[in-house]
file final_16.txt (compact mmCIF, C-alpha atoms)
# COMPACT_ATOMS: atom_id res chain seq x y z
CA PHE A 9 60.01 60.39 -18.95
CA ILE A 10 63.26 62.23 -19.84
CA GLY A 11 61.90 65.76 -19.32
CA VAL A 12 60.69 64.93 -15.80
CA LEU A 13 64.13 63.58 -14.93
CA ILE A 14 66.00 66.60 -16.33
CA ASP A 15 63.68 68.97 -14.45
CA SER A 16 64.37 67.11 -11.21
CA VAL A 17 68.13 67.47 -11.74
CA LEU A 18 67.88 71.19 -12.43
CA ARG A 19 65.87 71.68 -9.20
CA GLN A 20 68.65 70.32 -6.99
CA GLN A 21 69.51 72.24 -3.82
CA PHE A 22 73.20 71.53 -4.54
CA ARG A 23 74.05 73.42 -7.72
CA ASP A 24 77.66 72.46 -8.58
CA PHE A 25 76.95 69.50 -10.85
CA GLU A 26 77.27 68.38 -14.46
CA LEU A 27 74.50 66.50 -16.28
CA VAL A 28 75.79 64.26 -19.08
CA ILE A 29 72.94 62.83 -21.14
CA VAL A 30 73.80 59.85 -23.35
CA ASN A 31 71.17 59.00 -25.94
CA ASP A 32 71.63 55.29 -26.60
CA GLY A 33 70.13 55.36 -30.11
CA SER A 34 66.57 56.17 -29.01
CA THR A 35 63.82 56.51 -31.63
CA ASP A 36 61.04 57.84 -29.39
CA GLY A 37 61.53 61.60 -29.69
CA SER A 38 63.76 61.93 -26.61
CA GLU A 39 66.31 64.01 -28.52
CA SER A 40 63.83 66.76 -29.40
CA LYS A 41 62.77 66.96 -25.75
CA ILE A 42 66.40 67.17 -24.58
CA MET A 43 67.13 69.95 -27.07
CA GLU A 44 64.56 72.17 -25.37
CA TYR A 45 67.01 72.66 -22.46
CA ARG A 46 69.71 75.34 -22.62
CA ASP A 47 71.35 74.97 -19.20
CA PRO A 48 75.18 75.17 -19.58
CA ARG A 49 75.62 72.30 -17.10
CA ILE A 50 74.00 69.89 -19.57
CA ARG A 51 76.17 67.96 -22.04
CA TYR A 52 74.49 65.81 -24.66
CA LEU A 53 75.92 62.82 -26.54
CA ARG A 54 74.29 60.47 -29.02
CA ILE A 55 75.61 56.97 -29.75
CA GLU A 56 74.39 53.98 -31.72
CA ASN A 57 72.23 51.68 -29.63
CA SER A 58 74.69 49.61 -27.60
CA GLU A 59 72.77 48.98 -24.35
CA ARG A 60 73.12 50.72 -21.02
CA GLY A 61 76.55 49.43 -19.95
CA ARG A 62 78.36 51.12 -22.81
CA ALA A 63 76.15 54.24 -22.61
CA ARG A 64 77.08 54.76 -18.97
CA ASN A 65 80.77 54.17 -19.66
CA VAL A 66 80.68 56.68 -22.52
CA GLY A 67 79.14 59.26 -20.22
CA ALA A 68 81.79 58.61 -17.58
CA ASN A 69 84.56 59.01 -20.14
CA VAL A 70 83.58 62.62 -20.83
CA ALA A 71 82.36 63.59 -17.34
CA ARG A 72 84.56 65.94 -15.34
CA GLY A 73 83.11 65.40 -11.86
CA ARG A 74 84.72 63.68 -8.92
CA TYR A 75 81.78 61.31 -8.36
CA PHE A 76 79.53 59.58 -10.88
CA ASN A 77 75.82 58.82 -10.37
CA PHE A 78 73.98 56.99 -13.15
CA PHE A 79 70.29 57.71 -13.75
CA ASP A 80 67.84 55.99 -16.06
CA SER A 81 65.40 58.22 -17.90
CA ASP A 82 62.33 57.05 -15.95
CA ASP A 83 63.55 57.93 -12.44
CA VAL A 84 63.78 61.27 -10.64
CA MET A 85 66.00 63.00 -8.11
CA LEU A 86 64.35 64.51 -5.07
CA GLU A 87 65.65 68.01 -4.34
CA ASN A 88 68.00 66.77 -1.58
CA HIS A 89 69.69 64.07 -3.70
CA LEU A 90 72.97 65.83 -4.49
CA SER A 91 73.12 67.92 -1.31
CA ALA A 92 72.82 64.79 0.87
CA ALA A 93 75.53 63.05 -1.16
CA HIS A 94 77.82 66.08 -0.98
CA GLN A 95 77.41 66.35 2.79
CA PHE A 96 78.11 62.63 3.24
CA ILE A 97 81.27 62.84 1.12
CA LYS A 98 82.59 65.68 3.28
CA GLU A 99 81.73 63.94 6.56
CA SER A 100 82.97 60.47 5.57
CA ASP A 101 86.44 61.21 4.22
CA SER A 102 85.50 60.74 0.55
CA PRO A 103 84.46 57.06 0.38
CA GLU A 104 85.08 55.17 -2.86
CA TRP A 105 81.37 54.42 -3.20
CA PHE A 106 78.11 54.70 -1.30
CA HIS A 107 74.36 54.58 -1.84
CA VAL A 108 71.41 56.71 -0.82
CA GLY A 109 67.90 55.70 0.22
CA PHE A 110 65.18 55.52 -2.42
CA GLU A 111 61.55 54.65 -2.96
CA ILE A 112 59.85 52.76 -5.77
CA CYS A 113 56.44 54.04 -6.82
CA ASP A 114 53.77 52.87 -9.23
CA GLU A 115 52.65 55.00 -12.16
CA GLN A 116 50.07 56.72 -9.96
CA GLY A 117 52.75 57.79 -7.46
CA SER A 118 51.88 55.37 -4.65
CA VAL A 119 54.95 54.09 -2.78
CA LEU A 120 55.53 50.34 -3.22
CA VAL A 121 58.97 49.93 -1.63
CA ARG A 122 61.36 52.03 0.47
CA GLU A 123 65.02 51.05 0.65
CA THR A 124 67.45 52.66 3.09
CA GLY A 125 70.55 51.30 4.77
CA VAL A 126 72.89 51.43 7.73
CA LYS A 127 76.04 53.49 7.27
CA GLU A 128 78.33 50.49 6.59
CA CYS A 129 76.39 48.01 4.47
CA PRO A 130 76.60 44.28 5.24
CA GLU A 131 78.63 42.70 2.45
CA GLY A 132 76.68 39.44 2.48
CA LYS A 133 73.40 41.18 1.64
CA LEU A 134 74.47 42.21 -1.85
CA ILE A 135 75.39 38.71 -2.99
CA VAL A 136 71.91 37.50 -2.05
CA THR A 137 70.05 40.12 -4.08
CA ASN A 138 70.66 43.35 -5.94
CA TYR A 139 68.84 45.65 -3.54
CA LEU A 140 70.50 48.76 -5.00
CA GLY A 141 68.95 50.92 -7.67
CA CYS A 142 71.57 51.96 -10.21
CA ASP A 143 70.52 55.56 -9.61
CA SER A 144 71.08 55.24 -5.87
CA VAL A 145 74.82 54.55 -6.13
CA PHE A 146 77.60 57.16 -6.19
CA VAL A 147 81.07 55.98 -7.29
CA GLU A 148 84.30 57.95 -7.00
CA ARG A 149 85.77 58.72 -10.41
CA THR A 150 89.04 56.73 -10.31
CA PHE A 151 87.43 53.76 -8.57
CA PHE A 152 84.80 53.57 -11.30
CA LEU A 153 87.14 54.08 -14.25
CA ASN A 154 89.31 51.21 -12.96
CA ASN A 155 86.30 48.86 -12.99
CA ARG A 156 83.39 50.08 -15.19
CA PHE A 157 80.16 48.46 -16.36
CA SER A 158 80.31 45.43 -18.63
CA GLU A 159 79.57 46.50 -22.22
CA ASP A 160 78.37 43.06 -23.28
CA PRO A 161 74.77 43.75 -24.42
CA ARG A 162 73.78 40.22 -23.41
CA MET A 163 74.33 41.19 -19.77
CA ALA A 164 71.93 44.15 -19.97
CA SER A 165 69.78 44.60 -16.82
CA ALA A 166 72.35 42.72 -14.71
CA GLU A 167 75.36 44.89 -15.57
CA ASP A 168 74.78 47.01 -12.48
CA TRP A 169 74.66 44.05 -10.04
CA HIS A 170 77.73 42.62 -11.77
CA LEU A 171 79.59 45.88 -11.12
CA TRP A 172 78.40 46.24 -7.51
CA LEU A 173 79.65 42.73 -6.66
CA ARG A 174 83.05 43.50 -8.17
CA LEU A 175 83.23 46.81 -6.31
CA ILE A 176 82.25 45.39 -2.92
CA ALA A 177 84.96 42.76 -3.31
CA ARG A 178 87.40 45.67 -3.41
CA LYS A 179 86.04 48.37 -1.10
CA PRO A 180 83.28 48.58 1.56
CA LEU A 181 79.92 50.01 0.54
CA TRP A 182 78.59 52.87 2.67
CA ALA A 183 75.06 54.23 2.86
CA ILE A 184 73.03 57.35 3.60
CA PRO A 185 69.71 56.32 5.17
CA GLU A 186 68.06 59.47 3.79
CA ILE A 187 65.67 58.91 0.84
CA THR A 188 66.75 61.13 -2.05
CA LEU A 189 65.30 59.62 -5.22
CA ARG A 190 62.19 58.01 -6.65
CA MET A 191 61.98 55.17 -9.17
CA THR A 192 58.89 54.46 -11.24
CA HIS A 193 57.69 50.88 -11.55
CA HIS A 194 55.92 50.65 -14.92
CA SER A 195 54.96 47.90 -17.36
CA ASN A 196 57.72 48.73 -19.88
CA ARG A 197 60.63 48.25 -17.46
CA SER A 198 63.18 45.86 -18.97
CA LEU A 199 63.21 43.71 -15.84
CA LEU A 200 59.54 42.89 -16.49
CA THR A 201 59.82 42.16 -20.21
CA ILE A 202 62.93 39.96 -20.39
CA SER A 203 62.34 36.36 -21.53
CA ALA A 204 63.41 33.25 -19.62
CA ASP A 205 66.06 32.41 -22.23
CA ARG A 206 67.51 35.92 -22.01
CA THR A 207 67.49 35.68 -18.21
CA VAL A 208 69.52 32.47 -18.37
CA GLU A 209 71.97 33.93 -20.89
CA ARG A 210 72.34 37.16 -18.92
CA ASP A 211 72.92 35.63 -15.50
CA THR A 212 75.15 32.83 -16.82
CA LEU A 213 77.45 35.46 -18.34
CA MET A 214 77.45 37.41 -15.09
CA LEU A 215 78.25 34.29 -13.08
CA GLN A 216 81.08 33.24 -15.39
CA SER A 217 82.61 36.71 -15.28
CA LEU A 218 82.47 36.89 -11.48
CA LEU A 219 84.01 33.44 -11.10
CA GLU A 220 86.98 34.71 -13.15
CA ASP A 221 87.45 37.65 -10.73
CA GLU A 222 90.00 36.49 -8.16
CA LEU A 223 89.16 39.24 -5.66
CA PHE A 224 85.46 38.36 -5.84
CA THR A 225 85.97 34.60 -5.44
CA GLU A 226 88.36 35.16 -2.54
CA LYS A 227 86.00 37.58 -0.80
CA PHE A 228 82.93 35.38 -1.17
CA SER A 229 84.45 31.89 -1.19
CA GLU A 230 81.98 30.60 1.42
CA GLU A 231 78.93 32.18 -0.25
CA LEU A 232 79.68 31.08 -3.82
CA PRO A 233 77.79 27.72 -3.74
CA ILE A 234 74.63 29.47 -2.52
CA PHE A 235 75.10 32.29 -5.03
CA GLU A 236 75.32 29.78 -7.89
CA ALA A 237 72.36 27.78 -6.60
CA ASP A 238 70.29 30.96 -6.35
CA ARG A 239 70.94 31.69 -10.02
CA TYR A 240 69.76 28.21 -11.08
CA THR A 241 66.70 28.49 -8.85
CA PHE A 242 65.90 31.80 -10.52
CA PHE A 243 66.28 30.16 -13.95
CA ALA A 244 63.80 27.50 -12.85
CA LEU A 245 61.33 30.18 -11.78
CA ALA A 246 61.68 32.04 -15.09
CA MET A 247 61.07 28.80 -17.02
CA ALA A 248 58.10 27.88 -14.82
CA VAL A 249 56.48 31.26 -15.51
CA GLU A 250 56.65 30.41 -19.23
CA LYS A 251 55.23 26.92 -18.44
CA ARG A 252 58.41 25.16 -19.56
CA ARG A 253 58.20 22.73 -16.69
CA ALA A 254 60.71 20.09 -17.78
CA ILE A 255 63.48 22.69 -18.17
CA ALA A 256 62.47 24.30 -14.87
CA ILE A 257 62.83 20.95 -13.07
CA ARG A 258 66.30 20.44 -14.58
CA TYR A 259 67.43 23.84 -13.29
CA LEU A 260 66.05 23.03 -9.83
CA ALA A 261 67.99 19.79 -9.82
CA HIS A 262 71.12 21.68 -10.84
CA ALA A 263 70.52 24.14 -8.01
CA LEU A 264 70.30 21.30 -5.48

call {"tool": "encode", "arguments": {"input": "final_16.txt", "output": "structure tokens"}}
result
Amino acid sequence: FIGVLIDSVLRQQFRDFELVIVNDGSTDGSESKIMEYRDPRIRYLRIENSERGRARNVGANVARGRYFNFFDSDDVMLENHLSAAHQFIKESDSPEWFHVGFEICDEQGSVLVRETGVKECPEGKLIVTNYLGCDSVFVERTFFLNNRFSEDPRMASAEDWHLWLRLIARKPLWAIPEITLRMTHHSNRSLLTISADRTVERDTLMLQSLLEDELFTEKFSEELPIFEADRYTFFALAMAVEKRRAIAIRYLAHAL
């Protein structure tokens, strides 16, 4: 997928960008594909496999731009992605963070989901579900560097939601309703291959970390019981899918 993504970045209508590619210890030939590109705006780093939280933080550490936008290798920017973001930043007095609209497609290109938003996003929506694609979020440099993704590999695939909830406890989230990127829903996505036990470990760590964040618990004091119950209900569902019914029932009881 990586070549398709790089091509989509280089086709942007807005040209004043930097593309930092962090190879998180891949073994699939991605590096040879990346080396085919000679654009001076591309910077390439290779690290030992550490999971996506650390890879994104490493990229941010060397990036020189004013805003960060984190893409996975299997998603693509539409040509208006950066121009729409740049225009919004100018018109909205440089918000700390915001998201753009996006669509999720199957491997044949058919649209499965479209997600847009009103200009000022309702805070309560994000604690119910992570409706943001990681690629759809722009974060101002200082705001990100003061918060960052968790680098605990056990929290992989929830590290973005964990960060969004910490950020929204600190600053409002804004949105551009314009669709500017496309995500591909395929069978190898990590969200589809994670086991029930890993789901429990991942979300338990996220929950514990958030409950230790005073700004988060103060902001969402009324929603916290539902948020916790939702996690246990999700654990029950994950266990039920694996036909571990007794454990699923215990998680449902805990949720109640």

call {"tool": "residues_around", "arguments": {"input": "final_16.txt", "residues": "Gly141 in chain A", "least_positions_apart": "3", "cutoff": "9 Å", "atoms": "all atoms listed in the file", "output": "VMD selection string"}}
result
chain A and resid 107 110 138 144 to 145 168 191

call {"tool": "closest_residue", "arguments": {"input": "final_16.txt", "among": "A:Ser100, A:Thr137, A:Gln95, A:Asn69", "to": "Thr150 in chain A", "atoms": "all atoms listed in the file"}}
result
A:Asn69

call {"tool": "axis_aligned_box", "arguments": {"input": "final_16.txt", "around": "range 158-163 of chain A", "padding_each_side": "5 Å", "output": "AutoDock Vina command-line options"}}
result
--center_x 77.0 --center_y 43.4 --center_z -21.5 --size_x 16.5 --size_y 16.3 --size_z 15.8

call {"tool": "residues_around", "arguments": {"input": "final_16.txt", "residues": "range 187-190 of chain A", "least_positions_apart": "6", "cutoff": "12 Å", "atoms": "only C-alpha atoms", "output": "PDB file with C-alpha atoms, in the frame of the given file"}}
result
ATOM      1  CA  VAL A  12      60.690  64.930 -15.800  1.00  0.00           C
ATOM      2  CA  LEU A  13      64.130  63.580 -14.930  1.00  0.00           C
ATOM      3  CA  SER A  16      64.370  67.110 -11.210  1.00  0.00           C
ATOM      4  CA  VAL A  17      68.130  67.470 -11.740  1.00  0.00           C
ATOM      5  CA  GLN A  20      68.650  70.320  -6.990  1.00  0.00           C
ATOM      6  CA  GLN A  21      69.510  72.240  -3.820  1.00  0.00           C
ATOM      7  CA  ASN A  77      75.820  58.820 -10.370  1.00  0.00           C
ATOM      8  CA  PHE A  79      70.290  57.710 -13.750  1.00  0.00           C
ATOM      9  CA  ASP A  80      67.840  55.990 -16.060  1.00  0.00           C
ATOM     10  CA  SER A  81      65.400  58.220 -17.900  1.00  0.00           C
ATOM     11  CA  ASP A  82      62.330  57.050 -15.950  1.00  0.00           C
ATOM     12  CA  ASP A  83      63.550  57.930 -12.440  1.00  0.00           C
ATOM     13  CA  VAL A  84      63.780  61.270 -10.640  1.00  0.00           C
ATOM     14  CA  MET A  85      66.000  63.000  -8.110  1.00  0.00           C
ATOM     15  CA  LEU A  86      64.350  64.510  -5.070  1.00  0.00           C
ATOM     16  CA  GLU A  87      65.650  68.010  -4.340  1.00  0.00           C
ATOM     17  CA  ASN A  88      68.000  66.770  -1.580  1.00  0.00           C
ATOM     18  CA  HIS A  89      69.690  64.070  -3.700  1.00  0.00           C
ATOM     19  CA  LEU A  90      72.970  65.830  -4.490  1.00  0.00           C
ATOM     20  CA  SER A  91      73.120  67.920  -1.310  1.00  0.00           C
ATOM     21  CA  ALA A  92      72.820  64.790   0.870  1.00  0.00           C
ATOM     22  CA  ALA A  93      75.530  63.050  -1.160  1.00  0.00           C
ATOM     23  CA  HIS A 107      74.360  54.580  -1.840  1.00  0.00           C
ATOM     24  CA  VAL A 108      71.410  56.710  -0.820  1.00  0.00           C
ATOM     25  CA  GLY A 109      67.900  55.700   0.220  1.00  0.00           C
ATOM     26  CA  PHE A 110      65.180  55.520  -2.420  1.00  0.00           C
ATOM     27  CA  GLU A 111      61.550  54.650  -2.960  1.00  0.00           C
ATOM     28  CA  ILE A 112      59.850  52.760  -5.770  1.00  0.00           C
ATOM     29  CA  CYS A 113      56.440  54.040  -6.820  1.00  0.00           C
ATOM     30  CA  ASP A 114      53.770  52.870  -9.230  1.00  0.00           C
ATOM     31  CA  GLU A 115      52.650  55.000 -12.160  1.00  0.00           C
ATOM     32  CA  GLY A 117      52.750  57.790  -7.460  1.00  0.00           C
ATOM     33  CA  SER A 118      51.880  55.370  -4.650  1.00  0.00           C
ATOM     34  CA  VAL A 119      54.950  54.090  -2.780  1.00  0.00           C
ATOM     35  CA  LEU A 120      55.530  50.340  -3.220  1.00  0.00           C
ATOM     36  CA  VAL A 121      58.970  49.930  -1.630  1.00  0.00           C
ATOM     37  CA  ARG A 122      61.360  52.030   0.470  1.00  0.00           C
ATOM     38  CA  GLU A 123      65.020  51.050   0.650  1.00  0.00           C
ATOM     39  CA  THR A 124      67.450  52.660   3.090  1.00  0.00           C
ATOM     40  CA  GLY A 125      70.550  51.300   4.770  1.00  0.00           C
ATOM     41  CA  GLY A 141      68.950  50.920  -7.670  1.00  0.00           C
ATOM     42  CA  CYS A 142      71.570  51.960 -10.210  1.00  0.00           C
ATOM     43  CA  ASP A 143      70.520  55.560  -9.610  1.00  0.00           C
ATOM     44  CA  SER A 144      71.080  55.240  -5.870  1.00  0.00           C
ATOM     45  CA  VAL A 145      74.820  54.550  -6.130  1.00  0.00           C
TER      46      VAL A 145
END

call {"tool": "residues_around", "arguments": {"input": "final_16.txt", "residues": "Asn57 in chain A", "least_positions_apart": "2", "cutoff": "8 Å", "atoms": "all atoms listed in the file", "output": "PyMOL selection string"}}
result
chain A and resi 32-34+55+59

call {"tool": "write_last_selection", "arguments": {"input": "final_16.txt", "atoms": "C-alpha atoms", "output": "tab-separated table (two decimals), keeping the file's coordinate frame"}}
result
chain	number	residue	atom	x	y	z
A	32	ASP	CA	71.63	55.29	-26.60
A	33	GLY	CA	70.13	55.36	-30.11
A	34	SER	CA	66.57	56.17	-29.01
A	55	ILE	CA	75.61	56.97	-29.75
A	59	GLU	CA	72.77	48.98	-24.35

call {"tool": "closest_residue", "arguments": {"input": "final_16.txt", "among": "A:Glu39, A:Glu167, A:Glu104, A:Asp221", "to": "Val147 in chain A", "atoms": "only C-alpha atoms"}}
result
A:Glu104

call {"tool": "decode", "arguments": {"input": "final_16.txt", "residues": "range 60-87 of chain A", "atoms": "N, CA and C atoms", "output": "mmCIF file, in the first residue's frame"}}
result
data_model
loop_
_atom_site.group_PDB
_atom_site.id
_atom_site.type_symbol
_atom_site.label_atom_id
_atom_site.label_comp_id
_atom_site.auth_asym_id
_atom_site.auth_seq_id
_atom_site.Cartn_x
_atom_site.Cartn_y
_atom_site.Cartn_z
ATOM 1 N N ARG A 60 2.857 1.387 16.663
ATOM 2 C CA ARG A 60 2.576 2.661 15.996
ATOM 3 C C ARG A 60 2.687 3.891 16.886
ATOM 4 N N GLY A 61 2.424 3.742 18.208
ATOM 5 C CA GLY A 61 2.524 4.910 19.080
ATOM 6 C C GLY A 61 3.921 5.504 19.072
ATOM 7 N N ARG A 62 4.914 4.653 19.265
ATOM 8 C CA ARG A 62 6.294 5.157 19.259
ATOM 9 C C ARG A 62 6.697 5.634 17.867
ATOM 10 N N ALA A 63 6.293 4.918 16.812
ATOM 11 C CA ALA A 63 6.663 5.325 15.457
ATOM 12 C C ALA A 63 6.152 6.727 15.155
ATOM 13 N N ARG A 64 4.935 7.015 15.546
ATOM 14 C CA ARG A 64 4.380 8.359 15.296
ATOM 15 C C ARG A 64 5.108 9.414 16.118
ATOM 16 N N ASN A 65 5.421 9.097 17.367
ATOM 17 C CA ASN A 65 6.158 10.050 18.198
ATOM 18 C C ASN A 65 7.550 10.319 17.643
ATOM 19 N N VAL A 66 8.211 9.285 17.142
ATOM 20 C CA VAL A 66 9.534 9.456 16.536
ATOM 21 C C VAL A 66 9.440 10.390 15.328
ATOM 22 N N GLY A 67 8.434 10.184 14.504
ATOM 23 C CA GLY A 67 8.252 11.062 13.354
ATOM 24 C C GLY A 67 8.021 12.501 13.766
ATOM 25 N N ALA A 68 7.204 12.692 14.807
ATOM 26 C CA ALA A 68 6.932 14.051 15.285
ATOM 27 C C ALA A 68 8.188 14.713 15.840
ATOM 28 N N ASN A 69 9.046 13.932 16.445
ATOM 29 C CA ASN A 69 10.273 14.493 17.038
ATOM 30 C C ASN A 69 11.173 15.134 15.989
ATOM 31 N N VAL A 70 11.162 14.605 14.771
ATOM 32 C CA VAL A 70 12.059 15.149 13.742
ATOM 33 C C VAL A 70 11.333 16.075 12.772
ATOM 34 N N ALA A 71 10.009 16.076 12.801
ATOM 35 C CA ALA A 71 9.237 16.908 11.865
ATOM 36 C C ALA A 71 9.414 18.388 12.178
ATOM 37 N N ARG A 72 9.378 19.210 11.143
ATOM 38 C CA ARG A 72 9.604 20.641 11.313
ATOM 39 C C ARG A 72 8.334 21.472 11.110
ATOM 40 N N GLY A 73 7.240 20.814 10.748
ATOM 41 C CA GLY A 73 6.017 21.540 10.429
ATOM 42 C C GLY A 73 5.281 22.059 11.652
ATOM 43 N N ARG A 74 4.325 22.935 11.394
ATOM 44 C CA ARG A 74 3.545 23.533 12.474
ATOM 45 C C ARG A 74 2.395 22.639 12.907
ATOM 46 N N TYR A 75 1.909 21.800 11.985
ATOM 47 C CA TYR A 75 0.840 20.848 12.301
ATOM 48 C C TYR A 75 1.283 19.448 11.896
ATOM 49 N N PHE A 76 0.865 18.464 12.695
ATOM 50 C CA PHE A 76 1.143 17.063 12.411
ATOM 51 C C PHE A 76 -0.139 16.370 11.966
ATOM 52 N N ASN A 77 0.007 15.430 11.033
ATOM 53 C CA ASN A 77 -1.108 14.617 10.538
ATOM 54 C C ASN A 77 -0.544 13.224 10.295
ATOM 55 N N PHE A 78 -1.083 12.228 10.974
ATOM 56 C CA PHE A 78 -0.478 10.893 11.006
ATOM 57 C C PHE A 78 -1.235 9.922 10.113
ATOM 58 N N PHE A 79 -0.555 9.415 9.093
ATOM 59 C CA PHE A 79 -1.173 8.494 8.145
ATOM 60 C C PHE A 79 -0.634 7.083 8.321
ATOM 61 N N ASP A 80 -1.532 6.109 8.198
ATOM 62 C CA ASP A 80 -1.120 4.712 8.090
ATOM 63 C C ASP A 80 -0.834 4.418 6.620
ATOM 64 N N SER A 81 -0.101 3.346 6.377
ATOM 65 C CA SER A 81 0.367 3.085 5.014
ATOM 66 C C SER A 81 -0.739 2.638 4.063
ATOM 67 N N ASP A 82 -1.905 2.244 4.595
ATOM 68 C CA ASP A 82 -2.954 1.719 3.719
ATOM 69 C C ASP A 82 -4.086 2.709 3.466
ATOM 70 N N ASP A 83 -3.851 3.991 3.744
ATOM 71 C CA ASP A 83 -4.847 5.029 3.487
ATOM 72 C C ASP A 83 -4.278 6.058 2.513
ATOM 73 N N VAL A 84 -5.140 6.870 1.918
ATOM 74 C CA VAL A 84 -4.665 7.833 0.920
ATOM 75 C C VAL A 84 -5.281 9.205 1.142
ATOM 76 N N MET A 85 -4.506 10.234 0.806
ATOM 77 C CA MET A 85 -4.996 11.601 0.793
ATOM 78 C C MET A 85 -5.675 11.889 -0.543
ATOM 79 N N LEU A 86 -6.844 12.508 -0.510
ATOM 80 C CA LEU A 86 -7.389 13.077 -1.723
ATOM 81 C C LEU A 86 -6.632 14.372 -2.003
ATOM 82 N N GLU A 87 -6.714 14.885 -3.211
ATOM 83 C CA GLU A 87 -5.853 16.006 -3.606
ATOM 84 C C GLU A 87 -6.119 17.285 -2.803
#
